[in-house]
Amino acid sequence: MHKKLMYICLMYSNDLIKGTLRTIILKLLSENSRMYGYEITQRVKELTDDEIQLTEGALYPMLHKLEAEGAVTTEQVNIGKRVRKYYKLTTNGSAEAEEKVSEFLRFMETMKVVLNHKNTFQIWQS
Amino acid sequence: MAELSEYQIDFVSEEIKSRGVNLDSLHNDLLDHICTSIERKMDEGLGFDSAFVQSIKLFGPNGLMQVQHQTLLILTQMNETMKKLSLGFGLATTALLLAGILFKAMHWPGAAIMLVLGNFSLVCGYIPVLLIQKLKEGNGKDKYLSVAGFVGLAVFATGITFKIMHWPTANILFWSGFLVISLGYLPLYFYLRIKESVNKSVTITSAIITFVCVVLLLEMMNFRSSYQYTHGITLINQSLESSVVLAKDNLGLQPEGELATEANALNASADVLVKYIEDLKTELKARTQGISTEEAVKATLMDLSKKNDHTECTTLMLQLGKADELAQKIDAYQKEVVSIFPENQQSAIAGIIDLETTKVFEDHYERNAPWAEYYFRDIALIGVVSNLSSMQLKVRNAQNLALVHLKTQSEAQQPPSAEF
């Protein structure tokens with residue numbers, strides 16, 4: 001449980017958010033030509049009014065995975081004595097971002113239909 | 001807008017390292033992240049110290065270590081192809097090697113090919129897949145560790161296979177693999193572990209125990225062919241050598257009359273050949289043990305510490321061509337002996353004296369080996385010397401067989417009255 005909490009700290013329940021981290025990062029990167037880690041966490045906070053807090057513990061492992069899979073590349077810029085790594089989408093990454101976002105939107109539509117349907121429970125029970 | 005000084009950045013960097021983050025690319029990410037966070041908080045009016053404490057707190061206790069742990073975990077999950085490859089090669093290697101060992105133990109045909117294929121699957125399949133995976137996972141010095149370990153293992157395993165197959169360069173492979181593992185992998189492994197280890201004493205003692213085990217292993221490899229075994233072969237050689245000496249005591253077989261000339265020529269040839277083989281034995285002992293010829297003449301096999309070594313024997317006999325030289329001399333001698341007998345007996349006699357060097361032998365691995373390979377390739381000094389002693393005995397036996405024939409002939413020619 002402790003490890004799962006590492007992924008995303010949130011106002012929503014854990015199960016609900018699990019699996020969306022990748023989509024969130026890809027979507028943000030597709031809207032900005034390049035972003036660094038701190039910037040991504042801040043942007044998520046801003047956009048969601050602190051409802052979703054992307055923790056560092058979740059962000060960096062995912063960014064490294066995306067890099068290893070070739071969905072993002074990095075650009076390193078020296079800032080004084082430290083190095084800032086900007087992440088940007090590759091062509092593959094852009095395609096995946098589009099796919100993930102549209103998949104998630106369709107999923108939400110479906111859920112809406114299911115949850116708004118009055119007789120859902122009766123149907124399931126019968 | 002606040003900007004951290006070089007000194008402050010160094011401080012943060014060291015703090016991150018001291019919390020266990022040693023993955024370079026992740027370290028850079030975290031350093032920039034925490035520094036940016038500190039700068040923002042300083043913009044809001046905090047001092048560096050409290051801004052640092054708050055920024056680090058964002059990660060929670062042990063947080064930085066956890067981030068690295070998660071990153072490694074997520075990066076090292078094998079993808080499906082790698083999983084299938086490692087499973088496939090792993091099973092193939094295990095099955096082939098186990099079957100190969102079983103077949104070899106039972107002396108069934110096909111053991112050699114299985115061992116070779118098993119080794120091939122290990123060295124060209126399983127090890128590369130694991131190495132690629134380890135290189136993905138590892139960072140910094142851990143990569144050297146993986147390379148040293150897997151390369152050493154691959155070379156070592158190939159060396160063992162080559163040794164089993166009696167292929168050339170087996171020893172070079174075997175020992176270089178062994179050296180890479182014992183002088184590269186193991187020291188590096190313990191160096192890295194001792195550095196990271198909390199209980200240094202435990203790591204250091206286990207390093208020492210491993211070292212002792214390696215030394216023991218080396219010792220056991222000598223043990224395998226050790227005392228009783230060596231002693232047995234030495235006794236065989238001694239018995240052969242004394243037979244050679246006894247067989248020369250053949251005055252009673254010498255014919256008289258005109259056939260004596262022919263017999264003397266034969267005696268001379270036999271003496272020359274036996275002497276030649278004796279010199280060869282001395283040279284082999286001298287080269288293997290690294291002593292002078294005079295010392296080698298006096299030394300018995302039991303005196304030599306390197307009697308189980310085979311490299312010098314293989315070099316001298318096969319690479320320097322002594323085996324071919326010996327074969328020529330033996331063939332010439334055999335021809336001489338056989339020619340003494342009437343033509344209709346010659347092939348039977350050749351079979352009995354058994355000095356043929358042109359025939360092909362079936363070796364332990366059911367492969368055909370030429371005479372020189374069969375008697376001298378990768379055979380320990382003690383075995384080579386015994387083989388040579390056995391050849392000396394055959395030379396003497398052939399000589400005596402021919403002498404008996406000549407003597408019978410000479411007695412048939414002489415008038416029986418001479419006896420009276």
# chains A, B, ... in the order shown; residues from 1 in each chain; ligands from 1

call {"tool": "residues_around", "arguments": {"residues": "Ala95 of chain B", "least_positions_apart": "6", "cutoff": "12 Å", "atoms": "only C-alpha atoms", "output": "PDB file with N, CA and C atoms, in the first residue's frame"}}
result
ATOM      1  N   LEU B  87      14.092 -17.386 -21.217  1.00  0.00           N
ATOM      2  CA  LEU B  87      13.494 -18.668 -20.843  1.00  0.00           C
ATOM      3  C   LEU B  87      13.905 -19.751 -21.839  1.00  0.00           C
ATOM      4  N   GLY B  88      13.794 -19.405 -23.136  1.00  0.00           N
ATOM      5  CA  GLY B  88      14.123 -20.377 -24.187  1.00  0.00           C
ATOM      6  C   GLY B  88      15.569 -20.833 -24.105  1.00  0.00           C
ATOM      7  N   PHE B  89      16.478 -19.852 -24.091  1.00  0.00           N
ATOM      8  CA  PHE B  89      17.905 -20.200 -24.050  1.00  0.00           C
ATOM      9  C   PHE B  89      18.254 -20.914 -22.739  1.00  0.00           C
ATOM     10  N   ILE B 101      25.817 -34.440 -20.210  1.00  0.00           N
ATOM     11  CA  ILE B 101      26.558 -35.039 -19.088  1.00  0.00           C
ATOM     12  C   ILE B 101      26.084 -36.483 -18.869  1.00  0.00           C
ATOM     13  N   LEU B 102      24.761 -36.687 -18.942  1.00  0.00           N
ATOM     14  CA  LEU B 102      24.211 -38.033 -18.753  1.00  0.00           C
ATOM     15  C   LEU B 102      24.749 -38.990 -19.829  1.00  0.00           C
ATOM     16  N   PHE B 103      24.658 -38.536 -21.088  1.00  0.00           N
ATOM     17  CA  PHE B 103      25.103 -39.383 -22.197  1.00  0.00           C
ATOM     18  C   PHE B 103      26.578 -39.710 -22.088  1.00  0.00           C
ATOM     19  N   MET B 114      25.895 -32.651 -27.909  1.00  0.00           N
ATOM     20  CA  MET B 114      24.979 -31.995 -26.962  1.00  0.00           C
ATOM     21  C   MET B 114      25.718 -30.988 -26.100  1.00  0.00           C
ATOM     22  N   LEU B 115      26.893 -31.377 -25.626  1.00  0.00           N
ATOM     23  CA  LEU B 115      27.661 -30.464 -24.785  1.00  0.00           C
ATOM     24  C   LEU B 115      28.057 -29.219 -25.575  1.00  0.00           C
ATOM     25  N   LEU B 117      26.530 -27.958 -28.255  1.00  0.00           N
ATOM     26  CA  LEU B 117      25.334 -27.136 -28.496  1.00  0.00           C
ATOM     27  C   LEU B 117      24.878 -26.435 -27.218  1.00  0.00           C
ATOM     28  N   GLY B 118      24.961 -27.147 -26.093  1.00  0.00           N
ATOM     29  CA  GLY B 118      24.582 -26.566 -24.807  1.00  0.00           C
ATOM     30  C   GLY B 118      25.443 -25.362 -24.493  1.00  0.00           C
ATOM     31  N   ASN B 119      26.743 -25.525 -24.723  1.00  0.00           N
ATOM     32  CA  ASN B 119      27.669 -24.421 -24.488  1.00  0.00           C
ATOM     33  C   ASN B 119      27.363 -23.264 -25.431  1.00  0.00           C
ATOM     34  N   SER B 121      24.499 -22.517 -26.801  1.00  0.00           N
ATOM     35  CA  SER B 121      23.266 -21.855 -26.355  1.00  0.00           C
ATOM     36  C   SER B 121      23.528 -20.979 -25.131  1.00  0.00           C
ATOM     37  N   LEU B 122      24.427 -21.436 -24.263  1.00  0.00           N
ATOM     38  CA  LEU B 122      24.758 -20.658 -23.070  1.00  0.00           C
ATOM     39  C   LEU B 122      25.517 -19.381 -23.442  1.00  0.00           C
TER      40      LEU B 122
END

call {"tool": "interface_residues", "arguments": {"of": "chain A", "to": "chain B", "cutoff": "10 Å", "atoms": "only C-alpha atoms", "output": "ChimeraX atom specification"}}
result
/A:3,6-7,36-39,41-42,55-69,76,79-86

call {"tool": "write_last_selection", "arguments": {"atoms": "N, CA and C atoms", "output": "compact mmCIF listing (two decimals), in the first residue's frame"}}
result
# COMPACT_ATOMS: atom_id res chain seq x y z
N LYS A 3 3.82 1.58 -1.18
CA LYS A 3 4.44 1.78 -2.49
C LYS A 3 3.46 2.37 -3.48
N MET A 6 3.02 5.94 -3.29
CA MET A 6 4.13 6.70 -3.86
C MET A 6 3.76 7.28 -5.22
N TYR A 7 2.96 6.54 -5.95
CA TYR A 7 2.75 6.92 -7.33
C TYR A 7 2.09 8.28 -7.47
N TYR A 36 10.79 20.17 -18.01
CA TYR A 36 11.64 19.45 -17.05
C TYR A 36 10.76 18.98 -15.89
N GLY A 37 11.34 18.09 -15.08
CA GLY A 37 10.55 17.37 -14.08
C GLY A 37 9.75 18.26 -13.14
N TYR A 38 10.43 19.22 -12.54
CA TYR A 38 9.75 20.10 -11.58
C TYR A 38 8.57 20.80 -12.24
N GLU A 39 8.80 21.24 -13.47
CA GLU A 39 7.78 21.95 -14.23
C GLU A 39 6.53 21.08 -14.40
N THR A 41 5.48 18.56 -12.46
CA THR A 41 4.71 18.41 -11.22
C THR A 41 3.91 19.69 -10.93
N GLN A 42 4.53 20.85 -11.16
CA GLN A 42 3.85 22.11 -10.90
C GLN A 42 2.63 22.28 -11.82
N THR A 55 3.62 13.08 -7.43
CA THR A 55 4.83 13.15 -6.61
C THR A 55 6.06 12.78 -7.43
N GLU A 56 7.17 13.27 -6.92
CA GLU A 56 8.46 13.01 -7.57
C GLU A 56 8.71 11.51 -7.64
N GLY A 57 8.27 10.83 -6.59
CA GLY A 57 8.49 9.39 -6.52
C GLY A 57 7.83 8.66 -7.67
N ALA A 58 6.78 9.25 -8.21
CA ALA A 58 6.09 8.61 -9.33
C ALA A 58 6.61 9.13 -10.66
N LEU A 59 6.92 10.42 -10.70
CA LEU A 59 7.25 11.07 -11.96
C LEU A 59 8.54 10.52 -12.58
N TYR A 60 9.63 10.55 -11.80
CA TYR A 60 10.91 10.23 -12.41
C TYR A 60 11.03 8.79 -12.90
N PRO A 61 10.56 7.82 -12.11
CA PRO A 61 10.60 6.46 -12.66
C PRO A 61 9.87 6.37 -14.00
N MET A 62 8.70 7.03 -14.10
CA MET A 62 7.94 6.95 -15.34
C MET A 62 8.66 7.66 -16.49
N LEU A 63 9.25 8.84 -16.18
CA LEU A 63 9.99 9.55 -17.23
C LEU A 63 11.15 8.69 -17.76
N HIS A 64 11.84 8.03 -16.84
CA HIS A 64 12.96 7.18 -17.27
C HIS A 64 12.48 5.99 -18.08
N LYS A 65 11.33 5.48 -17.71
CA LYS A 65 10.78 4.34 -18.47
C LYS A 65 10.41 4.81 -19.88
N LEU A 66 9.74 5.97 -19.96
CA LEU A 66 9.36 6.50 -21.27
C LEU A 66 10.60 6.74 -22.14
N GLU A 67 11.67 7.20 -21.49
CA GLU A 67 12.91 7.44 -22.23
C GLU A 67 13.49 6.12 -22.73
N ALA A 68 13.50 5.12 -21.83
CA ALA A 68 14.05 3.82 -22.21
C ALA A 68 13.25 3.20 -23.36
N GLU A 69 11.95 3.47 -23.38
CA GLU A 69 11.10 2.89 -24.43
C GLU A 69 11.12 3.72 -25.71
N GLN A 76 19.87 18.16 -22.45
CA GLN A 76 20.48 18.60 -21.20
C GLN A 76 20.97 20.04 -21.35
N ILE A 79 22.70 24.62 -16.07
CA ILE A 79 22.24 25.82 -15.37
C ILE A 79 23.19 26.00 -14.21
N GLY A 80 24.13 26.90 -14.36
CA GLY A 80 25.16 27.06 -13.34
C GLY A 80 25.88 25.74 -13.17
N LYS A 81 25.85 25.24 -11.95
CA LYS A 81 26.60 24.01 -11.70
C LYS A 81 25.77 22.76 -11.87
N ARG A 82 24.48 22.93 -12.17
CA ARG A 82 23.66 21.73 -12.29
C ARG A 82 23.15 21.56 -13.73
N VAL A 83 22.69 20.37 -13.97
CA VAL A 83 22.21 20.06 -15.32
C VAL A 83 20.70 19.94 -15.28
N ARG A 84 20.01 20.63 -16.20
CA ARG A 84 18.56 20.48 -16.26
C ARG A 84 18.24 19.57 -17.45
N LYS A 85 17.44 18.57 -17.18
CA LYS A 85 17.07 17.65 -18.26
C LYS A 85 15.66 17.98 -18.74
N TYR A 86 15.57 18.40 -20.00
CA TYR A 86 14.26 18.66 -20.59
C TYR A 86 13.80 17.39 -21.29

call {"tool": "atom_distance", "arguments": {"atom1": "atom CA of Ser50 of chain B", "atom2": "atom CA of Arg43 of chain A"}}
result
23.8 Å

call {"tool": "residues_around", "arguments": {"residues": "segment 409-411 of chain B", "least_positions_apart": "4", "cutoff": "10 Å", "atoms": "only C-alpha atoms", "output": "list of chain:residue names"}}
result
B:Gln254, B:Pro255, B:Glu256, B:Gly257, B:Glu258, B:Leu259, B:Ala260, B:Leu403, B:Val404, B:His405, B:Pro415, B:Pro416

call {"tool": "write_last_selection", "arguments": {"atoms": "C-alpha atoms", "output": "PDB file, in the first residue's frame"}}
result
ATOM      1  CA  GLN B 254      71.332 -64.369 -31.449  1.00  0.00           C
ATOM      2  CA  PRO B 255      71.773 -66.556 -34.543  1.00  0.00           C
ATOM      3  CA  GLU B 256      75.119 -67.665 -35.741  1.00  0.00           C
ATOM      4  CA  GLY B 257      76.634 -67.978 -39.170  1.00  0.00           C
ATOM      5  CA  GLU B 258      75.694 -65.811 -42.107  1.00  0.00           C
ATOM      6  CA  LEU B 259      72.406 -64.692 -40.575  1.00  0.00           C
ATOM      7  CA  ALA B 260      74.345 -63.055 -37.720  1.00  0.00           C
ATOM      8  CA  LEU B 403      65.718 -62.901 -33.782  1.00  0.00           C
ATOM      9  CA  VAL B 404      63.864 -66.094 -32.913  1.00  0.00           C
ATOM     10  CA  HIS B 405      62.939 -66.447 -36.564  1.00  0.00           C
ATOM     11  CA  PRO B 415      74.374 -79.485 -39.928  1.00  0.00           C
ATOM     12  CA  PRO B 416      73.107 -81.075 -36.746  1.00  0.00           C
TER      13      PRO B 416
END

call {"tool": "select_by_dssp", "arguments": {"residues": "segment 2-192 of chain B", "states": "helix (DSSP H, G or I)", "output": "PyMOL selection string"}}
result
chain B and resi 6-18+24-43+48-57+63-76+80-105+111-137+141-165+170-192

call {"tool": "atom_distance", "arguments": {"atom1": "atom CA of Leu179 of chain B", "atom2": "atom CA of Val123 of chain B"}}
result
17.6 Å

call {"tool": "residues_around", "arguments": {"residues": "Ala286 of chain B", "least_positions_apart": "5", "cutoff": "9 Å", "atoms": "only C-alpha atoms", "output": "list in words"}}
result
Lys281, Ile291, Ser292, Thr293, Glu294, Glu295, Ala296 and Val297 of chain B

call {"tool": "closest_residue", "arguments": {"among": "B:Val395, B:Leu355, B:Ile340, B:Ala299", "to": "Val245 of chain B", "atoms": "only C-alpha atoms"}}
result
B:Val395

call {"tool": "residues_around", "arguments": {"residues": "Asp324 of chain B", "least_positions_apart": "3", "cutoff": "12 Å", "atoms": "only C-alpha atoms", "output": "list in words"}}
result
Leu316, Met317, Leu318, Gln319, Leu320, Gly321, Ala327, Gln328, Lys329, Ile330, Asp331, Thr357, Thr358, Pro370, Trp371, Ala372, Glu373, Tyr375 and Phe376 of chain B
